[in-house]
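What's in protein25.cif: mmCIF, C-alpha atoms
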```
data_target
#
loop_
_atom_site.label_atom_id
_atom_site.label_comp_id
_atom_site.auth_asym_id
_atom_site.auth_seq_id
_atom_site.Cartn_x
_atom_site.Cartn_y
_atom_site.Cartn_z
CA MET S 22 36.18 9.35 -15.44
CA PRO S 23 33.84 12.01 -16.95
CA ALA S 24 30.18 12.08 -15.96
CA LYS S 25 29.08 11.00 -19.46
CA ARG S 26 31.42 8.03 -19.19
CA VAL S 27 29.79 7.09 -15.85
CA ILE S 28 26.33 7.23 -17.43
CA ARG S 29 27.46 5.07 -20.35
CA LEU S 30 29.05 2.66 -17.88
CA MET S 31 25.84 2.42 -15.87
CA TYR S 32 23.77 1.86 -19.00
CA ALA S 33 26.09 -0.86 -20.23
CA LEU S 34 25.99 -2.67 -16.90
CA MET S 35 22.22 -2.31 -16.61
CA THR S 36 21.77 -3.99 -19.98
CA LYS S 37 24.39 -6.67 -19.38
CA LYS S 38 24.36 -7.39 -15.66
CA GLY S 39 21.16 -5.82 -14.28
CA THR S 40 20.31 -2.74 -12.27
CA ALA S 41 21.95 -3.96 -9.07
CA ILE S 42 25.46 -3.52 -10.45
CA ALA S 43 24.49 -0.23 -12.08
CA VAL S 44 23.33 1.09 -8.70
CA ALA S 45 26.52 -0.15 -7.08
CA VAL S 46 28.63 1.56 -9.76
CA LEU S 47 26.68 4.75 -9.14
CA ILE S 48 27.41 4.42 -5.44
CA ALA S 49 31.07 3.64 -6.03
CA GLY S 50 31.78 6.28 -8.63
CA GLY S 51 28.86 8.11 -10.14
CA LEU S 52 27.83 10.18 -7.15
CA THR S 53 31.32 11.41 -6.51
CA VAL S 54 31.84 12.18 -10.20
CA LEU S 55 28.65 14.18 -10.47
CA ALA S 56 29.61 15.99 -7.26
CA GLY S 57 32.95 16.95 -8.77
CA ALA S 58 35.19 14.56 -6.84
CA PRO S 59 37.42 11.90 -8.42
CA ALA S 60 35.35 8.90 -9.45
CA VAL S 61 37.81 6.26 -8.32
CA SER S 62 41.05 6.23 -6.42
CA THR S 63 44.45 6.04 -8.05
CA GLY S 64 44.65 2.46 -6.89
CA ALA S 65 41.33 1.70 -8.49
CA LYS S 66 42.44 3.24 -11.78
CA LEU S 67 45.61 1.17 -11.65
CA GLN S 68 43.50 -1.90 -10.93
CA LEU S 69 41.37 -1.17 -14.02
CA ALA S 70 44.45 -0.57 -16.15
CA GLN S 71 46.06 -3.78 -14.98
CA ALA S 72 42.83 -5.64 -15.64
CA GLY S 73 42.72 -4.79 -19.31
CA GLY S 74 44.01 -1.42 -20.43
CA SER S 75 43.03 2.23 -20.31
CA GLU S 76 39.54 3.67 -19.91
CA GLN S 77 39.36 4.37 -23.65
CA ARG S 78 40.14 0.80 -24.73
CA ALA S 79 37.60 -0.40 -27.29
CA ALA S 80 35.80 -3.72 -27.10
CA THR S 81 37.66 -6.70 -28.51
CA PRO S 82 36.09 -8.99 -31.12
CA ASN S 83 35.55 -11.61 -28.41
CA ASN S 84 33.79 -9.16 -26.10
CA SER S 85 30.58 -7.55 -27.30
CA GLY S 86 30.38 -5.24 -24.26
CA PRO S 87 32.45 -2.15 -23.43
CA PHE S 88 34.60 -4.04 -20.87
CA SER S 89 36.61 -7.20 -20.94
CA ALA S 90 36.06 -9.94 -18.36
CA GLU S 91 39.12 -8.73 -16.47
CA GLN S 92 37.83 -5.16 -16.40
CA LYS S 93 34.42 -6.25 -15.14
CA GLN S 94 36.10 -8.25 -12.40
CA ALA S 95 38.13 -5.23 -11.40
CA ILE S 96 35.01 -3.02 -11.34
CA GLU S 97 33.19 -5.54 -9.17
CA GLN S 98 36.14 -5.60 -6.76
CA ILE S 99 36.09 -1.80 -6.54
CA ILE S 100 32.39 -1.89 -5.79
CA ARG S 101 32.85 -4.57 -3.16
CA ASP S 102 35.66 -2.70 -1.45
CA TYR S 103 33.67 0.53 -1.45
CA LEU S 104 30.52 -1.04 0.00
CA ILE S 105 32.45 -2.91 2.68
CA GLY S 106 34.16 0.33 3.65
CA ASN S 107 30.90 2.32 3.55
CA PRO S 108 28.06 -0.08 4.49
CA GLU S 109 25.87 2.77 5.70
CA ILE S 110 25.31 3.80 2.07
CA LEU S 111 23.17 0.69 1.61
CA ILE S 112 20.81 1.87 4.35
CA GLU S 113 20.50 5.26 2.62
CA VAL S 114 19.79 3.60 -0.71
CA SER S 115 17.22 1.29 0.86
CA ARG S 116 15.43 4.20 2.53
CA GLU S 117 15.36 6.21 -0.67
CA LEU S 118 14.03 3.20 -2.57
CA GLU S 119 11.27 2.67 0.00
CA LYS S 120 10.39 6.37 -0.17
CA ARG S 121 10.10 6.32 -3.94
CA GLN S 122 8.10 3.09 -3.93
CA ALA S 123 5.70 4.58 -1.37
CA MET S 124 5.26 7.67 -3.52
CA GLN S 125 4.57 5.56 -6.59
CA GLN S 126 2.08 3.42 -4.68
CA ALA S 127 0.29 6.49 -3.31
CA ALA S 128 0.03 7.97 -6.81
CA GLU S 129 -1.42 4.73 -8.19
CA GLN S 130 -3.87 4.44 -5.29
CA LYS S 131 -5.04 8.00 -5.87
CA ARG S 132 -5.60 7.18 -9.54
CA VAL S 133 -7.75 4.18 -8.60
CA ILE S 134 -9.70 6.19 -6.01
CA LEU S 135 -10.47 8.90 -8.56
CA GLU S 136 -11.47 6.33 -11.16
CA LYS S 137 -13.67 4.33 -8.74
CA ARG S 138 -14.88 7.23 -6.60
CA ASP S 139 -18.60 6.46 -6.92
CA LYS S 140 -18.12 2.79 -6.04
CA ILE S 141 -15.86 3.63 -3.11
CA PHE S 142 -17.72 6.58 -1.58
CA SER S 143 -21.33 6.18 -2.72
CA SER S 144 -22.20 2.51 -3.14
CA PRO S 145 -25.86 1.93 -2.16
CA THR S 146 -24.93 -1.39 -0.53
CA ASP S 147 -22.58 0.25 2.00
CA PHE S 148 -23.77 1.52 5.37
CA VAL S 149 -23.02 5.16 6.19
CA LEU S 150 -22.23 6.37 9.68
CA GLY S 151 -22.35 10.01 10.70
CA ASN S 152 -23.40 12.75 8.33
CA PRO S 153 -24.33 11.43 4.84
CA ASN S 154 -23.59 14.90 3.50
CA GLY S 155 -20.38 15.41 5.46
CA ASP S 156 -17.61 17.49 3.94
CA ILE S 157 -14.99 14.75 4.46
CA THR S 158 -15.54 11.04 3.88
CA VAL S 159 -13.71 8.23 5.69
CA VAL S 160 -14.01 4.76 4.17
CA GLU S 161 -13.14 1.69 6.25
CA PHE S 162 -12.44 -1.75 4.80
CA PHE S 163 -12.94 -4.29 7.61
CA ASP S 164 -13.45 -7.94 8.52
CA TYR S 165 -15.62 -9.04 11.43
CA ASN S 166 -12.98 -11.54 12.61
CA CYS S 167 -10.12 -9.01 12.48
CA PRO S 168 -9.07 -8.10 16.04
CA TYR S 169 -7.69 -4.74 14.92
CA CYS S 170 -10.98 -3.92 13.20
CA LYS S 171 -12.75 -4.64 16.48
CA ARG S 172 -10.40 -2.26 18.27
CA ALA S 173 -10.94 0.34 15.56
CA PHE S 174 -14.71 0.17 16.00
CA SER S 175 -14.77 2.35 19.13
CA GLU S 176 -12.29 4.78 17.54
CA VAL S 177 -14.54 5.24 14.51
CA MET S 178 -17.64 5.67 16.67
CA GLU S 179 -15.82 8.29 18.73
CA LEU S 180 -14.91 10.16 15.55
CA VAL S 181 -18.53 10.18 14.39
CA LYS S 182 -19.72 11.35 17.80
CA ALA S 183 -17.16 14.15 18.03
CA ASP S 184 -17.39 15.40 14.43
CA PRO S 185 -20.92 16.10 13.14
CA ASN S 186 -19.63 16.88 9.66
CA VAL S 187 -17.82 13.64 8.83
CA LYS S 188 -19.19 10.80 6.73
CA VAL S 189 -17.97 7.23 7.38
CA VAL S 190 -18.56 4.49 4.82
CA LEU S 191 -18.29 0.90 6.07
CA LYS S 192 -17.09 -1.59 3.47
CA GLU S 193 -17.44 -5.30 4.10
CA PHE S 194 -14.10 -6.89 3.18
CA PRO S 195 -14.20 -10.50 4.46
CA ILE S 196 -10.74 -11.91 3.80
CA LEU S 197 -9.94 -13.83 6.98
CA PRO S 198 -10.73 -17.48 7.68
CA PRO S 199 -12.92 -19.15 8.72
CA GLU S 200 -15.96 -18.88 6.47
CA SER S 201 -17.83 -17.05 9.21
CA SER S 202 -16.19 -13.80 8.06
CA MET S 203 -17.98 -14.06 4.72
CA LEU S 204 -21.18 -15.23 6.41
CA ALA S 205 -21.12 -12.27 8.80
CA ALA S 206 -20.48 -9.81 5.97
CA LYS S 207 -23.43 -11.10 3.95
CA ALA S 208 -25.66 -11.08 7.03
CA ALA S 209 -24.71 -7.49 7.85
CA MET S 210 -25.48 -6.34 4.32
CA ALA S 211 -28.79 -8.19 4.48
CA ALA S 212 -29.53 -6.55 7.84
CA LEU S 213 -29.33 -3.19 6.09
CA ARG S 214 -32.54 -4.14 4.27
CA GLN S 215 -34.30 -4.49 7.62
CA GLY S 216 -32.96 -1.19 8.93
CA LYS S 217 -30.86 -2.82 11.67
CA TYR S 218 -27.36 -2.75 10.23
CA LEU S 219 -25.77 -0.64 12.97
CA GLU S 220 -27.23 -2.73 15.81
CA PHE S 221 -26.05 -5.93 14.15
CA HIS S 222 -22.67 -4.47 13.20
CA THR S 223 -22.12 -3.33 16.78
CA ALA S 224 -22.96 -6.76 18.20
CA LEU S 225 -20.56 -8.47 15.78
CA MET S 226 -17.77 -5.99 16.45
CA GLN S 227 -18.09 -6.25 20.21
CA ALA S 228 -17.85 -10.06 20.12
CA ARG S 229 -14.36 -11.48 20.54
CA HIS S 230 -14.78 -13.99 17.72
CA ILE S 231 -17.57 -14.80 15.28
CA SER S 232 -18.64 -18.34 14.42
CA ASN S 233 -21.36 -19.33 11.97
CA GLU S 234 -23.73 -19.91 14.89
CA ASP S 235 -22.89 -16.51 16.39
CA VAL S 236 -23.97 -14.73 13.23
CA PHE S 237 -27.59 -15.84 13.52
CA ARG S 238 -27.62 -15.76 17.32
CA PHE S 239 -26.67 -12.07 17.27
CA ALA S 240 -29.13 -11.44 14.45
CA GLU S 241 -31.96 -12.76 16.57
CA ARG S 242 -30.73 -10.85 19.60
CA VAL S 243 -30.92 -7.48 17.84
CA GLY S 244 -34.41 -8.19 16.53
CA LEU S 245 -33.75 -9.24 12.96
CA ASP S 246 -36.10 -11.56 11.10
CA VAL S 247 -33.63 -14.43 10.74
CA ALA S 248 -35.61 -16.29 8.09
CA ARG S 249 -35.77 -13.21 5.91
CA LEU S 250 -32.12 -12.45 6.67
CA LYS S 251 -31.04 -15.86 5.36
CA THR S 252 -33.04 -15.35 2.18
CA ASP S 253 -31.63 -11.86 1.59
CA MET S 254 -28.09 -13.11 2.20
CA GLU S 255 -28.36 -15.17 -0.99
CA SER S 256 -29.14 -12.09 -3.05
CA PRO S 257 -26.96 -11.71 -6.16
CA GLU S 258 -26.67 -7.99 -5.35
CA ILE S 259 -24.88 -8.78 -2.08
CA ASP S 260 -22.48 -11.18 -3.78
CA ALA S 261 -21.79 -8.58 -6.46
CA ALA S 262 -21.18 -5.86 -3.86
CA ILE S 263 -18.68 -7.98 -1.92
CA LYS S 264 -16.88 -8.86 -5.15
CA GLN S 265 -16.79 -5.22 -6.15
CA THR S 266 -15.15 -4.28 -2.86
CA ALA S 267 -12.64 -7.12 -3.24
CA ASP S 268 -11.78 -5.97 -6.77
CA ILE S 269 -11.27 -2.38 -5.62
CA ALA S 270 -9.10 -3.59 -2.74
CA GLN S 271 -6.97 -5.57 -5.18
CA GLU S 272 -6.49 -2.53 -7.41
CA LEU S 273 -5.46 -0.52 -4.36
CA GLY S 274 -3.01 -3.23 -3.29
CA LEU S 275 -4.82 -4.01 -0.03
CA ASN S 276 -4.23 -7.41 1.55
CA GLY S 277 -5.23 -6.84 5.17
CA THR S 278 -7.63 -5.03 7.46
CA PRO S 279 -8.44 -2.48 8.68
CA VAL S 280 -7.75 0.04 5.93
CA PHE S 281 -8.97 3.64 6.00
CA ILE S 282 -9.36 5.88 2.98
CA VAL S 283 -9.55 9.52 3.98
CA ASP S 284 -10.42 11.55 0.90
CA ALA S 285 -7.74 10.40 -1.59
CA THR S 286 -5.22 8.79 0.78
CA VAL S 287 -4.98 5.16 1.87
CA ASN S 288 -3.99 4.37 5.46
CA VAL S 289 -3.30 0.76 6.36
CA GLY S 290 -3.71 -0.56 9.90
CA LEU S 291 -5.37 0.43 13.14
CA LEU S 292 -5.93 4.16 13.58
CA ARG S 293 -6.77 5.76 16.91
CA HIS S 294 -9.36 8.49 17.26
CA GLU S 295 -6.69 11.17 17.35
CA ASP S 296 -5.13 9.76 14.16
CA LEU S 297 -8.47 9.85 12.37
CA VAL S 298 -9.09 13.40 13.57
CA GLN S 299 -5.71 14.49 12.27
CA LEU S 300 -6.30 12.93 8.85
CA VAL S 301 -9.76 14.47 8.59
CA ASN S 302 -8.45 17.90 9.58
CA GLU S 303 -5.60 17.65 7.07
CA ALA S 304 -8.09 16.74 4.33
CA ARG S 305 -10.27 19.71 5.26
CA LYS S 306 -7.31 22.05 5.23
CA ALA S 307 -6.08 20.80 1.85
CA GLY S 308 -9.56 20.76 0.35
CA CYS S 309 -11.55 17.67 -0.57
CA GLN S 310 -10.28 16.02 -3.75
CA VAL S 311 -12.76 13.18 -4.24
CA CYS S 312 -15.14 13.03 -1.28
#
```

Can the structure in the file be given as structure tokens, please?
Amino acid sequence: MPAKRVIRLMYALMTKKGTAIAVAVLIAGGLTVLAGAPAVSTGAKLQLAQAGGSEQRAATPNNSGPFSAEQKQAIEQIIRDYLIGNPEILIEVSRELEKRQAMQQAAEQKRVILEKRDKIFSSPTDFVLGNPNGDITVVEFFDYNCPYCKRAFSEVMELVKADPNVKVVLKEFPILPPESSMLAAKAAMAALRQGKYLEFHTALMQARHISNEDVFRFAERVGLDVARLKTDMESPEIDAAIKQTADIAQELGLNGTPVFIVDATVNVGLLRHEDLVQLVNEARKAGCQVC
């Protein structure tokens, strides 16, 4: 079967039966054809011939597609036999699909980061750790009730301590139940107005779990004016900032915490200090794209 015939076959099956069969046909015949090997075995050709004629047989009036029902059945049997005899090919296809999907996702995330760069890296409602004028920026999306965010806290602080030229932006992303996650996020952003964000943030991160009562208990402990804090927490600017972060997270395809953006790359999950250092060094070596 010539290569052009394979392509026409794949196109026909994609339009009639979906991409799954087209991929399977490519596995069963297309790759070997394009590599120069016979597309199907002699037995397979005989099977096709017995199912409805030669390869060049035109469509019948009762069959709008290029193959009769018998031919399609024969093709499907060839595919089945090939995949059963070579199941490892499915693993290769799956890995390649995951690789391509990851590349597409990374490209889309980079587009969003470039488009929203000011809101991601320079929002006035976000607290900045480290050097505000650092050459590389790390952005963390976190939730105060996320256990992995709590573990990441010391890793981030170690990075800031060890690297005097890194900027870390902390983005409140309260997505976990109960409602105390949202309450804590609003309180932390309100604490920024009293100049005690870091003290409050540290107390919340070091606590095993945060309840509604804990939020104000820790606020009082670090010296915040709780009455003023409660008033500031109702500020429309804080609500708008949290919504803005949630909208950006949705565009980036984020549905968990923690998430770290290092320059123009998105890294999901807990990162150790050495991981953060490596990402920062790679960004420096490549040259800052957005930070």

Problem set entry | Val287 (chain S) environment, 8 Å, only C-alpha atoms, sequence neighbours closer than 6 positions dropped, as a PyMOL selection string | chain S and resi 127+130+280-281

Ground truth for the PyMOL selection byres ((chain S and resi 192) around 7), written as a CSV table (one decimal) with C-alpha atoms, in the coordinates of the input:
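As written to disk, selection28.csv reads:
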```csv
chain,number,residue,atom,x,y,z
S,147,ASP,CA,-22.6,0.2,2.0
S,161,GLU,CA,-13.1,1.7,6.2
S,162,PHE,CA,-12.4,-1.8,4.8
S,163,PHE,CA,-12.9,-4.3,7.6
S,190,VAL,CA,-18.6,4.5,4.8
S,191,LEU,CA,-18.3,0.9,6.1
S,193,GLU,CA,-17.4,-5.3,4.1
S,194,PHE,CA,-14.1,-6.9,3.2
```

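Of note, CA of Ile259 (chain S) and CA of Ala211 (chain S) are spaced 7.7 Å apart.
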
Exercise. What do you get, as number ranges by chain, if you spell out every residue that the PyMOL selection byres ((chain S and resi 199) around 12) selects here?
Worked result: S: 164-167, 195-198, 200-205, 230-233

Got time to write the residues from that selection, C-alpha atoms, as a compact mmCIF listing (two decimals), in the coordinates of the input?
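To be explicit, this is the file written out as selection.txt:
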```
# COMPACT_ATOMS: atom_id res chain seq x y z
CA ASP S 164 -13.45 -7.94 8.52
CA TYR S 165 -15.62 -9.04 11.43
CA ASN S 166 -12.98 -11.54 12.61
CA CYS S 167 -10.12 -9.01 12.48
CA PRO S 195 -14.20 -10.50 4.46
CA ILE S 196 -10.74 -11.91 3.80
CA LEU S 197 -9.94 -13.83 6.98
CA PRO S 198 -10.73 -17.48 7.68
CA GLU S 200 -15.96 -18.88 6.47
CA SER S 201 -17.83 -17.05 9.21
CA SER S 202 -16.19 -13.80 8.06
CA MET S 203 -17.98 -14.06 4.72
CA LEU S 204 -21.18 -15.23 6.41
CA ALA S 205 -21.12 -12.27 8.80
CA HIS S 230 -14.78 -13.99 17.72
CA ILE S 231 -17.57 -14.80 15.28
CA SER S 232 -18.64 -18.34 14.42
CA ASN S 233 -21.36 -19.33 11.97
```

Exercise. Can you tell me, as an MDAnalysis selection string, what residues are no more than 12 Å from Asp268 (chain S) when counting only C-alpha atoms, ignoring any on the same chain fewer than 6 positions away?
Worked result: chainID S and resid 133 137 140:141 194 261:262 274:276

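Atom pair CA of Ser89 (chain S) / CA of Asp102 (chain S): separated by 20.0 Å.
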
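Non-sequential neighbours of region 182-186 of chain S (distance at most 7 Å, separation of 4 or more positions within a chain, only C-alpha atoms) are Gly151, Asn152, Gly155, Asp156 and Met178 of chain S.
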
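As for CA of Ala270 (chain S) and CA of Val301 (chain S), they are spaced 21.3 Å apart.
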
For this session: Run the PyMOL selection byres ((chain S and resi 177) around 9) against the file shown and list the residues it catches, as a PyMOL selection string.
Result: chain S and resi 173-176+178-182+189+292-294+297

Give, as AutoDock Vina command-line options, the centre coordinates and the x, y and z edge lengths in Å to one decimal for an axis-aligned box around all listed atoms of region 232-249 of chain S, padded by 6 Å on each side.
```
--center_x -27.4 --center_y -13.7 --center_z 12.8 --size_x 29.5 --size_y 24.4 --size_z 25.7
```
